[in-house]
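Participant: Hey, dropping data.pdb in here, PDB, C-alpha atoms:
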ATOM      1  CA  MET C   1       0.008   6.312 -28.824
ATOM      2  CA  VAL C   2      -1.277   6.361 -32.393
ATOM      3  CA  VAL C   3      -3.391   9.347 -33.432
ATOM      4  CA  GLY C   4      -4.812   8.682 -36.856
ATOM      5  CA  ASP C   5      -7.838   8.207 -39.052
ATOM      6  CA  SER C   6      -9.554   5.108 -40.485
ATOM      7  CA  LEU C   7      -6.236   3.740 -41.775
ATOM      8  CA  SER C   8      -5.052   3.355 -38.190
ATOM      9  CA  ALA C   9      -8.473   2.796 -36.617
ATOM     10  CA  GLY C  10      -8.602  -0.317 -38.802
ATOM     11  CA  TYR C  11     -11.735   0.391 -40.809
ATOM     12  CA  GLY C  12     -13.148  -2.889 -42.147
ATOM     13  CA  VAL C  13     -10.501  -5.045 -40.424
ATOM     14  CA  SER C  14     -10.994  -7.149 -37.297
ATOM     15  CA  THR C  15      -9.416  -5.765 -34.141
ATOM     16  CA  GLU C  16      -6.844  -8.551 -33.897
ATOM     17  CA  GLN C  17      -5.635  -8.009 -37.468
ATOM     18  CA  ARG C  18      -5.253  -4.204 -37.377
ATOM     19  CA  TRP C  19      -1.719  -2.913 -37.880
ATOM     20  CA  VAL C  20      -1.689  -1.136 -34.499
ATOM     21  CA  ASN C  21      -2.475  -4.421 -32.737
ATOM     22  CA  LEU C  22       0.180  -6.197 -34.792
ATOM     23  CA  LEU C  23       2.620  -3.431 -33.850
ATOM     24  CA  THR C  24       1.775  -3.883 -30.177
ATOM     25  CA  GLN C  25       2.616  -7.580 -30.483
ATOM     26  CA  ARG C  26       5.895  -6.755 -32.239
ATOM     27  CA  ILE C  27       6.893  -4.193 -29.593
ATOM     28  CA  ASN C  28       6.081  -6.592 -26.767
ATOM     29  CA  GLN C  29       7.997  -9.392 -28.471
ATOM     30  CA  HIS C  30      11.114  -7.357 -29.270
ATOM     31  CA  CYS C  31      11.212  -4.574 -26.679
ATOM     32  CA  GLY C  32       9.331  -5.755 -23.626
ATOM     33  CA  PRO C  33       5.800  -5.084 -22.410
ATOM     34  CA  PHE C  34       4.379  -1.732 -23.455
ATOM     35  CA  ALA C  35       0.852  -0.425 -23.723
ATOM     36  CA  VAL C  36      -0.002   0.989 -27.132
ATOM     37  CA  VAL C  37      -3.039   3.271 -27.208
ATOM     38  CA  ASN C  38      -4.867   3.497 -30.514
ATOM     39  CA  ALA C  39      -6.515   6.925 -30.379
ATOM     40  CA  SER C  40      -7.463   6.845 -34.054
ATOM     41  CA  VAL C  41     -10.910   7.856 -35.282
ATOM     42  CA  SER C  42     -12.294   6.980 -38.703
ATOM     43  CA  GLY C  43     -12.918  10.093 -40.766
ATOM     44  CA  ASP C  44     -10.672  12.251 -38.591
ATOM     45  CA  THR C  45      -8.845  15.244 -40.029
ATOM     46  CA  SER C  46      -5.757  17.009 -38.745
ATOM     47  CA  ASN C  47      -8.089  19.548 -37.097
ATOM     48  CA  GLY C  48      -9.972  16.805 -35.273
ATOM     49  CA  GLY C  49      -6.731  15.193 -34.164
ATOM     50  CA  LEU C  50      -5.388  18.504 -32.942
ATOM     51  CA  SER C  51      -8.544  19.228 -30.952
ATOM     52  CA  ARG C  52      -8.419  15.787 -29.274
ATOM     53  CA  LEU C  53      -4.670  15.727 -28.650
ATOM     54  CA  PRO C  54      -4.353  17.764 -25.418
ATOM     55  CA  ASN C  55      -6.760  15.454 -23.565
ATOM     56  CA  LEU C  56      -5.129  12.361 -25.057
ATOM     57  CA  LEU C  57      -1.694  13.539 -23.934
ATOM     58  CA  ALA C  58      -2.974  14.306 -20.432
ATOM     59  CA  ASP C  59      -4.891  11.026 -20.118
ATOM     60  CA  HIS C  60      -2.245   8.660 -21.518
ATOM     61  CA  GLN C  61       1.081  10.473 -21.018
ATOM     62  CA  PRO C  62       2.661   8.664 -23.979
ATOM     63  CA  THR C  63       6.384   8.267 -24.477
ATOM     64  CA  VAL C  64       5.950   8.114 -28.253
ATOM     65  CA  VAL C  65       3.200   9.618 -30.431
ATOM     66  CA  ILE C  66       2.663   8.365 -33.975
ATOM     67  CA  ILE C  67       0.658  10.844 -36.052
ATOM     68  CA  GLU C  68      -1.150   9.426 -39.089
ATOM     69  CA  LEU C  69      -3.459  12.195 -40.249
ATOM     70  CA  GLY C  70      -4.014  14.318 -43.323
ATOM     71  CA  GLY C  71      -5.610  11.908 -45.774
ATOM     72  CA  ASN C  72      -9.118  13.137 -45.004
ATOM     73  CA  ASP C  73      -7.893  16.742 -45.150
ATOM     74  CA  GLY C  74      -6.745  16.120 -48.709
ATOM     75  CA  LEU C  75      -9.872  14.236 -49.741
ATOM     76  CA  ARG C  76     -12.037  17.074 -48.380
ATOM     77  CA  GLY C  77      -9.958  19.820 -49.971
ATOM     78  CA  ILE C  78      -8.914  21.375 -46.653
ATOM     79  CA  SER C  79      -6.181  23.908 -47.285
ATOM     80  CA  ILE C  80      -2.651  22.600 -47.303
ATOM     81  CA  GLN C  81      -1.561  25.419 -44.997
ATOM     82  CA  THR C  82      -4.211  24.456 -42.442
ATOM     83  CA  MET C  83      -3.106  20.826 -42.554
ATOM     84  CA  ARG C  84       0.556  21.845 -42.193
ATOM     85  CA  ASP C  85      -0.231  24.110 -39.233
ATOM     86  CA  ASN C  86      -2.325  21.417 -37.523
ATOM     87  CA  LEU C  87       0.296  18.694 -37.946
ATOM     88  CA  GLN C  88       3.083  20.987 -36.804
ATOM     89  CA  ARG C  89       1.064  22.000 -33.737
ATOM     90  CA  MET C  90       0.352  18.336 -32.947
ATOM     91  CA  VAL C  91       4.056  17.528 -33.096
ATOM     92  CA  ALA C  92       4.914  20.532 -30.910
ATOM     93  CA  LEU C  93       2.253  19.668 -28.301
ATOM     94  CA  SER C  94       3.422  16.057 -28.183
ATOM     95  CA  LYS C  95       7.039  17.115 -27.730
ATOM     96  CA  GLN C  96       6.056  19.622 -25.026
ATOM     97  CA  ALA C  97       4.362  16.728 -23.215
ATOM     98  CA  GLY C  98       7.689  14.861 -23.294
ATOM     99  CA  ALA C  99       6.875  12.441 -26.102
ATOM    100  CA  SER C 100       8.984  11.512 -29.093
ATOM    101  CA  VAL C 101       7.029  11.855 -32.323
ATOM    102  CA  MET C 102       6.845  10.012 -35.624
ATOM    103  CA  LEU C 103       4.882  11.149 -38.689
ATOM    104  CA  LEU C 104       3.233   8.836 -41.198
ATOM    105  CA  GLY C 105       2.913  10.449 -44.608
ATOM    106  CA  ILE C 106       0.001   9.898 -46.967
ATOM    107  CA  ARG C 107      -0.241  10.392 -50.716
ATOM    108  CA  LEU C 108      -3.366  11.411 -52.553
ATOM    109  CA  PRO C 109      -4.583   9.858 -55.799
ATOM    110  CA  ALA C 110      -3.270  11.490 -58.977
ATOM    111  CA  ASN C 111      -6.768  12.649 -59.990
ATOM    112  CA  TYR C 112      -6.443  15.513 -57.466
ATOM    113  CA  GLY C 113      -3.971  17.121 -59.849
ATOM    114  CA  PRO C 114      -0.179  17.129 -59.685
ATOM    115  CA  ASP C 115       0.192  20.541 -58.063
ATOM    116  CA  PHE C 116      -2.143  19.747 -55.164
ATOM    117  CA  VAL C 117      -0.867  16.172 -54.765
ATOM    118  CA  ASN C 118       2.776  17.276 -54.660
ATOM    119  CA  ALA C 119       2.126  20.202 -52.305
ATOM    120  CA  PHE C 120       0.050  17.942 -50.056
ATOM    121  CA  HIS C 121       2.753  15.295 -49.793
ATOM    122  CA  GLN C 122       5.461  17.914 -49.250
ATOM    123  CA  VAL C 123       3.721  18.947 -46.002
ATOM    124  CA  TYR C 124       4.927  15.771 -44.301
ATOM    125  CA  TYR C 125       8.533  16.439 -45.291
ATOM    126  CA  ASP C 126       8.251  20.077 -44.223
ATOM    127  CA  VAL C 127       6.815  19.251 -40.789
ATOM    128  CA  SER C 128       9.294  16.418 -40.268
ATOM    129  CA  GLU C 129      12.210  18.706 -41.076
ATOM    130  CA  ALA C 130      10.915  21.736 -39.158
ATOM    131  CA  GLU C 131      10.240  19.678 -36.031
ATOM    132  CA  SER C 132      13.151  17.221 -36.400
ATOM    133  CA  VAL C 133      10.956  14.127 -36.190
ATOM    134  CA  PRO C 134      11.206  10.902 -38.190
ATOM    135  CA  LEU C 135       8.888  10.384 -41.143
ATOM    136  CA  ALA C 136       7.577   7.339 -42.941
ATOM    137  CA  PRO C 137       7.155   9.176 -46.279
ATOM    138  CA  PHE C 138       4.325   6.956 -47.525
ATOM    139  CA  PHE C 139       2.577   4.919 -44.866
ATOM    140  CA  LEU C 140       0.772   2.822 -47.515
ATOM    141  CA  GLU C 141       4.011   1.942 -49.365
ATOM    142  CA  GLY C 142       3.660  -1.495 -50.942
ATOM    143  CA  VAL C 143      -0.093  -1.511 -50.325
ATOM    144  CA  ALA C 144      -1.951   1.354 -52.012
ATOM    145  CA  LEU C 145      -1.468   0.276 -55.617
ATOM    146  CA  ASP C 146      -2.065  -3.445 -55.011
ATOM    147  CA  ARG C 147      -5.775  -4.210 -55.405
ATOM    148  CA  GLU C 148      -5.359  -7.501 -53.559
ATOM    149  CA  LEU C 149      -4.288  -5.561 -50.460
ATOM    150  CA  MET C 150      -7.114  -3.030 -50.581
ATOM    151  CA  GLN C 151     -10.768  -3.274 -49.640
ATOM    152  CA  GLY C 152     -13.414  -2.895 -52.319
ATOM    153  CA  ASP C 153     -13.564   0.876 -51.794
ATOM    154  CA  GLY C 154      -9.978   1.198 -53.038
ATOM    155  CA  ILE C 155      -9.157   3.486 -50.093
ATOM    156  CA  HIS C 156      -8.778   1.232 -47.066
ATOM    157  CA  PRO C 157      -6.210  -1.551 -46.722
ATOM    158  CA  ASN C 158      -7.573  -5.035 -46.049
ATOM    159  CA  ASP C 159      -6.441  -7.613 -43.505
ATOM    160  CA  LYS C 160      -3.624  -8.900 -45.756
ATOM    161  CA  ALA C 161      -2.119  -5.392 -45.890
ATOM    162  CA  GLN C 162      -1.953  -4.879 -42.125
ATOM    163  CA  PRO C 163       1.406  -6.669 -41.565
ATOM    164  CA  ILE C 164       2.945  -4.509 -44.311
ATOM    165  CA  LEU C 165       1.649  -1.340 -42.650
ATOM    166  CA  ARG C 166       3.042  -2.534 -39.324
ATOM    167  CA  ASP C 167       6.430  -3.130 -40.942
ATOM    168  CA  ASN C 168       6.363   0.306 -42.597
ATOM    169  CA  VAL C 169       5.990   1.824 -39.131
ATOM    170  CA  TRP C 170       8.286  -0.582 -37.267
ATOM    171  CA  SER C 171      11.340   0.154 -39.417
ATOM    172  CA  ILE C 172      11.282   3.778 -38.240
ATOM    173  CA  LEU C 173       9.739   3.260 -34.806
ATOM    174  CA  GLN C 174      12.282   0.714 -33.582
ATOM    175  CA  PRO C 175      15.231   3.156 -33.471
ATOM    176  CA  LEU C 176      12.940   5.885 -32.108
ATOM    177  CA  LEU C 177      12.039   3.686 -29.146
ATOM    178  CA  THR C 178      15.726   3.331 -28.316
ATOM    179  CA  GLU C 179      16.508   7.023 -28.881
ATOM    180  CA  SER C 180      13.584   8.115 -26.703
ATOM    181  CA  GLY C 181      14.813   5.971 -23.826
ATOM    182  CA  VAL C 182      11.769   3.689 -23.891
ATOM    183  CA  THR C 183      14.104   0.721 -24.129
ATOM    184  CA  ASN C 184      17.792  -0.022 -24.167
ATOM    185  CA  GLY C 185      17.336  -1.457 -27.605
ATOM    186  CA  CYS C 186      14.785  -3.585 -29.364
ATOM    187  CA  HIS C 187      15.972  -6.728 -31.033
TER     188      HIS C 187
END
Rewrite the structure from the file as structure tokens, please.

Facilitator:
Amino acid sequence: MVVGDSLSAGYGVSTEQRWVNLLTQRINQHCGPFAVVNASVSGDTSNGGLSRLPNLLADHQPTVVIIELGGNDGLRGISIQTMRDNLQRMVALSKQAGASVMLLGIRLPANYGPDFVNAFHQVYYDVSEAESVPLAPFFLEGVALDRELMQGDGIHPNDKAQPILRDNVWSILQPLLTESGVTNGCH
């Protein structure tokens, strides 16, 4: 199950081309048939994700939860401590429900100031370390600074970027699927 914001909801990208759908195809091709629930909501913050998570966990009983939240927290100036607490609570709730967890880190634009940008990004490392869960340090690696891979708003990846996002997740998810017992190994 993916719990994220517009980056994972696929804002401005057709359903078939969204990275979560591409990931589903990859998992089914390499690991066997699995249902992947995209519980992402455009505009969501870590608080919104946290408030929705208990029902999502109960309804879907996921084996793996991928958390891609925080970008909107940063853009809205929500306190770093609040974001950290929310993400850490989401990881803990997911683990309590028996799911393995993966975090997708986000970076803010430099115009937010180096102190805030660095402290914001450090949250992902802190939560990953505190909760012993794998982290993709920068989910938009190879995409964010390439205008040809971004929509006109400069915030959302376009359809050409979606396979790169899928690969950024897959490289960390593949071993997690094996470790969590979802599969005997994905090829």

Participant: Do you know which residues the PyMOL selection byres ((chain C and resi 121-134) around 6) returns on this file, as a count of residues only?

Facilitator: 10

Participant: Would you pick out the contacts of C:Gly77 at 12 Å or less, using all atoms listed in the file, so that residues sharing its chain but fewer than 2 positions from it are not included, and give the list as a list in words?

Facilitator: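 Residues near the query, excluding close chain neighbours: Thr45, Gly70, Gly71, Asn72, Asp73, Gly74, Leu75, Ser79, Ile80, Gln81, Thr82, Met83, Leu108, Tyr112, Gly113, Phe116, Val117 and Phe120 of chain C.
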
Participant: Tell me which residues the PyMOL selection byres ((chain C and resi 50) around 12) grabs here, as an MDAnalysis selection string.

Facilitator: chainID C and resid 3:4 39:40 44:49 51:57 67:70 82:94

Participant: Evaluated on this file, the PyMOL selection byres ((chain C and resi 165) around 9) picks out some residues - which ones are they, written as a list in words?

Facilitator: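 Answer for the PyMOL selection byres ((chain C and resi 165) around 9): Trp19, Val20, Phe139, Leu140, Glu141, Gly142, Val143, Pro157, Ala161, Gln162, Pro163, Ile164, Arg166, Asp167, Asn168, Val169 and Trp170 of chain C.
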
Participant: In Å, rounded to a single decimal, give me how far atom CA of C:Thr178 is from atom CA of C:Ala35.

Facilitator: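 Distance between the two atoms: 16.0 Å.
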
Participant: Hey, can you check how far atom CA of C:Leu149 sits from atom CA of C:Gln17?

Facilitator: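 Pair atom CA of C:Leu149 / atom CA of C:Gln17 returns 13.3 Å.
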
Participant: Which residue out of C:Gln96, C:Asp159, C:Pro109, C:Gly43 has the minimum interatomic distance to C:Thr15 when all atoms listed in the file are used?

Facilitator: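 Looking only at the distances to C:Thr15, the closest residue turns out to be C:Asp159.
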
Participant: Report, in Å with one decimal, the straight-line distance from atom CA of C:Asp59 to atom CA of C:Asn21.

Facilitator: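 Pair atom CA of C:Asp59 / atom CA of C:Asn21 returns 20.1 Å.
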
Participant: Do you know which residues are at most 10 Å from C:Ser100 counting all atoms listed in the file, after dropping those on the same chain fewer than 6 positions away, and could you put them as a PyMOL selection string?

Facilitator: chain C and resi 62-66+91+94+133-134+176-177+179-182

Participant: May I have the centre and edge lengths, in Å to one decimal, of an axis-aligned box around the listed atoms of stretch 31-41 of chain C with 3 Å added to every side, as lines of an AutoDock Vina configuration file?

Facilitator:
center_x = 0.2
center_y = 1.1
center_z = -28.8
size_x = 28.1
size_y = 19.6
size_z = 18.9

Participant: Can you tell me which residues surround C:Ser14 at a distance of at most 10 Å, considering only C-alpha atoms, apart from same-chain residues fewer than 4 positions away, and format the answer as a PDB file with C-alpha atoms, keeping the file's coordinate frame?

Facilitator:
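Written file, part.pdb:
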ATOM      1  CA  GLY C  10      -8.602  -0.317 -38.802  1.00  0.00           C
ATOM      2  CA  ARG C  18      -5.253  -4.204 -37.377  1.00  0.00           C
ATOM      3  CA  ASN C 158      -7.573  -5.035 -46.049  1.00  0.00           C
ATOM      4  CA  ASP C 159      -6.441  -7.613 -43.505  1.00  0.00           C
TER       5      ASP C 159
END

Participant: Would you mind telling me which residue in C:Ala136, C:Leu23, C:Met150, C:Val41 lies nearest to C:Ile106 when using all atoms listed in the file?

Facilitator: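 Checking each candidate against C:Ile106, we get C:Ala136 as the closest.
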
Participant: Calculated over all atoms listed in the file, which of the candidates C:Asn28, C:Asn111, C:Gln61, C:Asn38 has the smallest distance to C:Val2?

Facilitator: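 For C:Val2, the nearest of the candidates is C:Asn38.
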
Participant: Some atoms are absent from stretch 32-53 of chain C, so rebuild N, CA and C atoms and return them as a short mmCIF file (atom, residue, chain, number, x, y, z; two decimals), in the coordinates of the input.

Facilitator:
data_model
loop_
_atom_site.label_atom_id
_atom_site.label_comp_id
_atom_site.auth_asym_id
_atom_site.auth_seq_id
_atom_site.Cartn_x
_atom_site.Cartn_y
_atom_site.Cartn_z
N GLY C 32 9.87 -5.63 -24.97
CA GLY C 32 9.33 -5.76 -23.63
C GLY C 32 7.89 -5.28 -23.61
N PRO C 33 7.22 -5.43 -22.47
CA PRO C 33 5.80 -5.08 -22.41
C PRO C 33 5.55 -3.57 -22.40
N PHE C 34 4.77 -3.14 -23.36
CA PHE C 34 4.38 -1.73 -23.46
C PHE C 34 2.91 -1.66 -23.84
N ALA C 35 2.24 -0.68 -23.33
CA ALA C 35 0.85 -0.42 -23.72
C ALA C 35 0.88 0.50 -24.93
N VAL C 36 0.13 0.14 -25.95
CA VAL C 36 0.00 0.99 -27.13
C VAL C 36 -1.46 1.42 -27.20
N VAL C 37 -1.69 2.72 -27.16
CA VAL C 37 -3.04 3.27 -27.21
C VAL C 37 -3.34 3.65 -28.65
N ASN C 38 -4.44 3.12 -29.17
CA ASN C 38 -4.87 3.50 -30.51
C ASN C 38 -5.96 4.54 -30.36
N ALA C 39 -5.58 5.81 -30.52
CA ALA C 39 -6.52 6.92 -30.38
C ALA C 39 -6.97 7.42 -31.74
N SER C 40 -7.07 6.49 -32.69
CA SER C 40 -7.46 6.84 -34.05
C SER C 40 -8.97 6.83 -34.20
N VAL C 41 -9.47 7.72 -35.05
CA VAL C 41 -10.91 7.86 -35.28
C VAL C 41 -11.16 7.90 -36.79
N SER C 42 -11.97 6.99 -37.27
CA SER C 42 -12.29 6.98 -38.70
C SER C 42 -12.89 8.32 -39.11
N GLY C 43 -12.42 8.82 -40.24
CA GLY C 43 -12.92 10.09 -40.77
C GLY C 43 -12.23 11.31 -40.19
N ASP C 44 -11.30 11.11 -39.26
CA ASP C 44 -10.67 12.25 -38.59
C ASP C 44 -9.79 13.04 -39.55
N THR C 45 -9.72 14.33 -39.30
CA THR C 45 -8.85 15.24 -40.03
C THR C 45 -7.75 15.72 -39.08
N SER C 46 -6.81 16.47 -39.61
CA SER C 46 -5.76 17.01 -38.74
C SER C 46 -6.36 17.96 -37.71
N ASN C 47 -7.43 18.66 -38.05
CA ASN C 47 -8.09 19.55 -37.10
C ASN C 47 -8.72 18.75 -35.96
N GLY C 48 -9.37 17.66 -36.29
CA GLY C 48 -9.97 16.80 -35.27
C GLY C 48 -8.91 16.21 -34.36
N GLY C 49 -7.82 15.74 -34.95
CA GLY C 49 -6.73 15.19 -34.16
C GLY C 49 -6.13 16.22 -33.23
N LEU C 50 -5.95 17.42 -33.76
CA LEU C 50 -5.39 18.50 -32.94
C LEU C 50 -6.32 18.84 -31.78
N SER C 51 -7.60 18.88 -32.03
CA SER C 51 -8.54 19.23 -30.95
C SER C 51 -8.60 18.14 -29.87
N ARG C 52 -8.39 16.89 -30.23
CA ARG C 52 -8.42 15.79 -29.27
C ARG C 52 -7.09 15.59 -28.55
N LEU C 53 -6.01 16.06 -29.14
CA LEU C 53 -4.67 15.73 -28.65
C LEU C 53 -4.38 16.17 -27.21
#
